[in-house]
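Presented below is the structure to which this report refers.
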Amino acid sequence: MTRLALAVAIAALAFASSALALGGSHYAQISANWGTPGNVDVIVVSNHSFRGDVENACVATAGGVTHNTDETHPLDSWFFNPVAHQYEDKTSFDISAAGAGANCTITVLDGHKVLAQQQYVSN
């Protein structure tokens with residue numbers, strides 16, 4: 001009887017683990033290249049493709065003709081990267097209006113939930 005109870009408990013745990021893996025939460029990671037003045041290329045990597053957005057907001061810090069920027073792109077071009085075993089979505093943002101030295105933040109959102117965030121200073 002003890003063996004049967006143990007087997008049922010192990011099977012229940014295995015089922016719960018696989019259910020979490022299939023329908024559980026997803027995550028996002030950001031890879032960005034802001035080495036080109038006025039532009040930032042962003043790659044979002046995740047264990048699932050999902051409907052969300054990536055936002056890039058820059059606060060200008062220098063004088064002159066610089067402006068704050070805030071732009072959002074949908075994450076709707078996911079593809080599976082077989083080498084990384086992850087889903088990827090790529091986009092690019094024009095940050096030239098913010099100028100060099102702007103404090104910028106990239107944010108990945110799934111609805112209203114923040115999945116990832118990265119800060120950088122523009123060139």
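Within each chain, counting starts at residue 1; across the structure tokens, chains are named A, B, ... in the order shown, with ligands numbered 1 upward in that order.
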Test item: residues at most 6 Å from segment 28-42 of chain A, only C-alpha atoms, excluding those fewer than 5 positions along its chain, as an mmCIF file with N, CA and C atoms, in the first residue's frame:
```
data_model
loop_
_atom_site.group_PDB
_atom_site.id
_atom_site.type_symbol
_atom_site.label_atom_id
_atom_site.label_comp_id
_atom_site.auth_asym_id
_atom_site.auth_seq_id
_atom_site.Cartn_x
_atom_site.Cartn_y
_atom_site.Cartn_z
ATOM 1 N N LYS A 90 13.066 40.395 -33.076
ATOM 2 C CA LYS A 90 14.031 41.484 -33.260
ATOM 3 C C LYS A 90 13.312 42.759 -33.671
ATOM 4 N N THR A 91 13.836 43.879 -33.210
ATOM 5 C CA THR A 91 13.309 45.176 -33.612
ATOM 6 C C THR A 91 14.405 46.223 -33.473
ATOM 7 N N SER A 92 14.149 47.402 -33.967
ATOM 8 C CA SER A 92 15.123 48.481 -33.917
ATOM 9 C C SER A 92 14.404 49.779 -33.573
ATOM 10 N N PHE A 93 15.072 50.643 -32.817
ATOM 11 C CA PHE A 93 14.500 51.923 -32.404
ATOM 12 C C PHE A 93 15.403 53.064 -32.847
ATOM 13 N N ASP A 94 14.785 54.116 -33.346
ATOM 14 C CA ASP A 94 15.498 55.352 -33.694
ATOM 15 C C ASP A 94 15.535 56.224 -32.438
ATOM 16 N N ILE A 95 16.727 56.451 -31.903
ATOM 17 C CA ILE A 95 16.865 57.272 -30.701
ATOM 18 C C ILE A 95 17.655 58.545 -30.983
ATOM 19 N N SER A 96 17.745 58.910 -32.267
ATOM 20 C CA SER A 96 18.556 60.067 -32.640
ATOM 21 C C SER A 96 18.044 61.357 -32.011
ATOM 22 N N LEU A 115 8.523 41.856 -17.928
ATOM 23 C CA LEU A 115 9.267 40.597 -17.961
ATOM 24 C C LEU A 115 10.779 40.825 -17.947
ATOM 25 N N ALA A 116 11.227 41.947 -18.475
ATOM 26 C CA ALA A 116 12.665 42.226 -18.499
ATOM 27 C C ALA A 116 12.867 43.727 -18.690
ATOM 28 N N ASN A 123 24.769 56.570 -27.452
ATOM 29 C CA ASN A 123 25.989 57.128 -28.067
ATOM 30 C C ASN A 123 25.647 58.319 -28.917
#
```
Near Cys58 of chain A, within 12 Å and counting only C-alpha atoms, which residues show up once chain neighbours fewer than 2 positions away are dropped, as a ChimeraX atom specification? /A:38-40,55-56,60-62,66-72,93-107,118-123
Using only C-alpha atoms, determine which residues lie at most 8 Å from Glu88 of chain A, disregarding the query and same-chain residues fewer than 5 positions distant; provide the list as a list of chain:residue names.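 Non-adjacent residues within range: A:Ile43, A:Val44, A:Val45, A:Ser46, A:Ser49, A:Trp78, A:Phe79, A:Phe80, A:Asn81.
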Mind dumping the selected residues with N, CA and C atoms as an mmCIF file, in the first residue's frame?
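File written: result.cif
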```cif
data_model
loop_
_atom_site.group_PDB
_atom_site.id
_atom_site.type_symbol
_atom_site.label_atom_id
_atom_site.label_comp_id
_atom_site.auth_asym_id
_atom_site.auth_seq_id
_atom_site.Cartn_x
_atom_site.Cartn_y
_atom_site.Cartn_z
ATOM 1 N N ILE A 43 17.018 42.529 -29.407
ATOM 2 C CA ILE A 43 16.568 41.156 -29.582
ATOM 3 C C ILE A 43 15.985 40.712 -28.246
ATOM 4 N N VAL A 44 14.741 40.234 -28.281
ATOM 5 C CA VAL A 44 14.098 39.682 -27.093
ATOM 6 C C VAL A 44 14.108 38.173 -27.255
ATOM 7 N N VAL A 45 14.572 37.476 -26.234
ATOM 8 C CA VAL A 45 14.642 36.021 -26.234
ATOM 9 C C VAL A 45 13.741 35.512 -25.119
ATOM 10 N N SER A 46 12.983 34.441 -25.420
ATOM 11 C CA SER A 46 12.061 33.898 -24.430
ATOM 12 C C SER A 46 11.882 32.398 -24.618
ATOM 13 N N SER A 49 6.836 32.071 -27.266
ATOM 14 C CA SER A 49 6.413 33.248 -28.023
ATOM 15 C C SER A 49 5.149 33.758 -27.340
ATOM 16 N N TRP A 78 7.939 36.523 -33.771
ATOM 17 C CA TRP A 78 8.745 35.493 -33.115
ATOM 18 C C TRP A 78 9.190 34.423 -34.104
ATOM 19 N N PHE A 79 10.397 33.930 -33.916
ATOM 20 C CA PHE A 79 10.865 32.754 -34.644
ATOM 21 C C PHE A 79 11.676 31.914 -33.676
ATOM 22 N N PHE A 80 11.693 30.609 -33.918
ATOM 23 C CA PHE A 80 12.415 29.701 -33.033
ATOM 24 C C PHE A 80 13.863 29.608 -33.483
ATOM 25 N N ASN A 81 14.802 29.867 -32.560
ATOM 26 C CA ASN A 81 16.227 29.752 -32.828
ATOM 27 C C ASN A 81 16.657 28.357 -32.379
#
```
Grab the atom CA of Asn47 of chain A to atom CA of His112 of chain A distance for me, in Å with one decimal place. 18.7 Å
Nearest to Ala57 of chain A among A:His85, A:His26, A:His73, A:Lys113, with distances taken over only C-alpha atoms: which residue is it?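 Answer, going by the shortest atom-to-atom distance: A:His73.
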Between atom CA of Gly52 of chain A and atom CA of Asp110 of chain A - distance in Å to one decimal: 4.4 Å
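The space separating atom CA of Ser25 of chain A from atom CA of Val83 of chain A comes to 22.2 Å.
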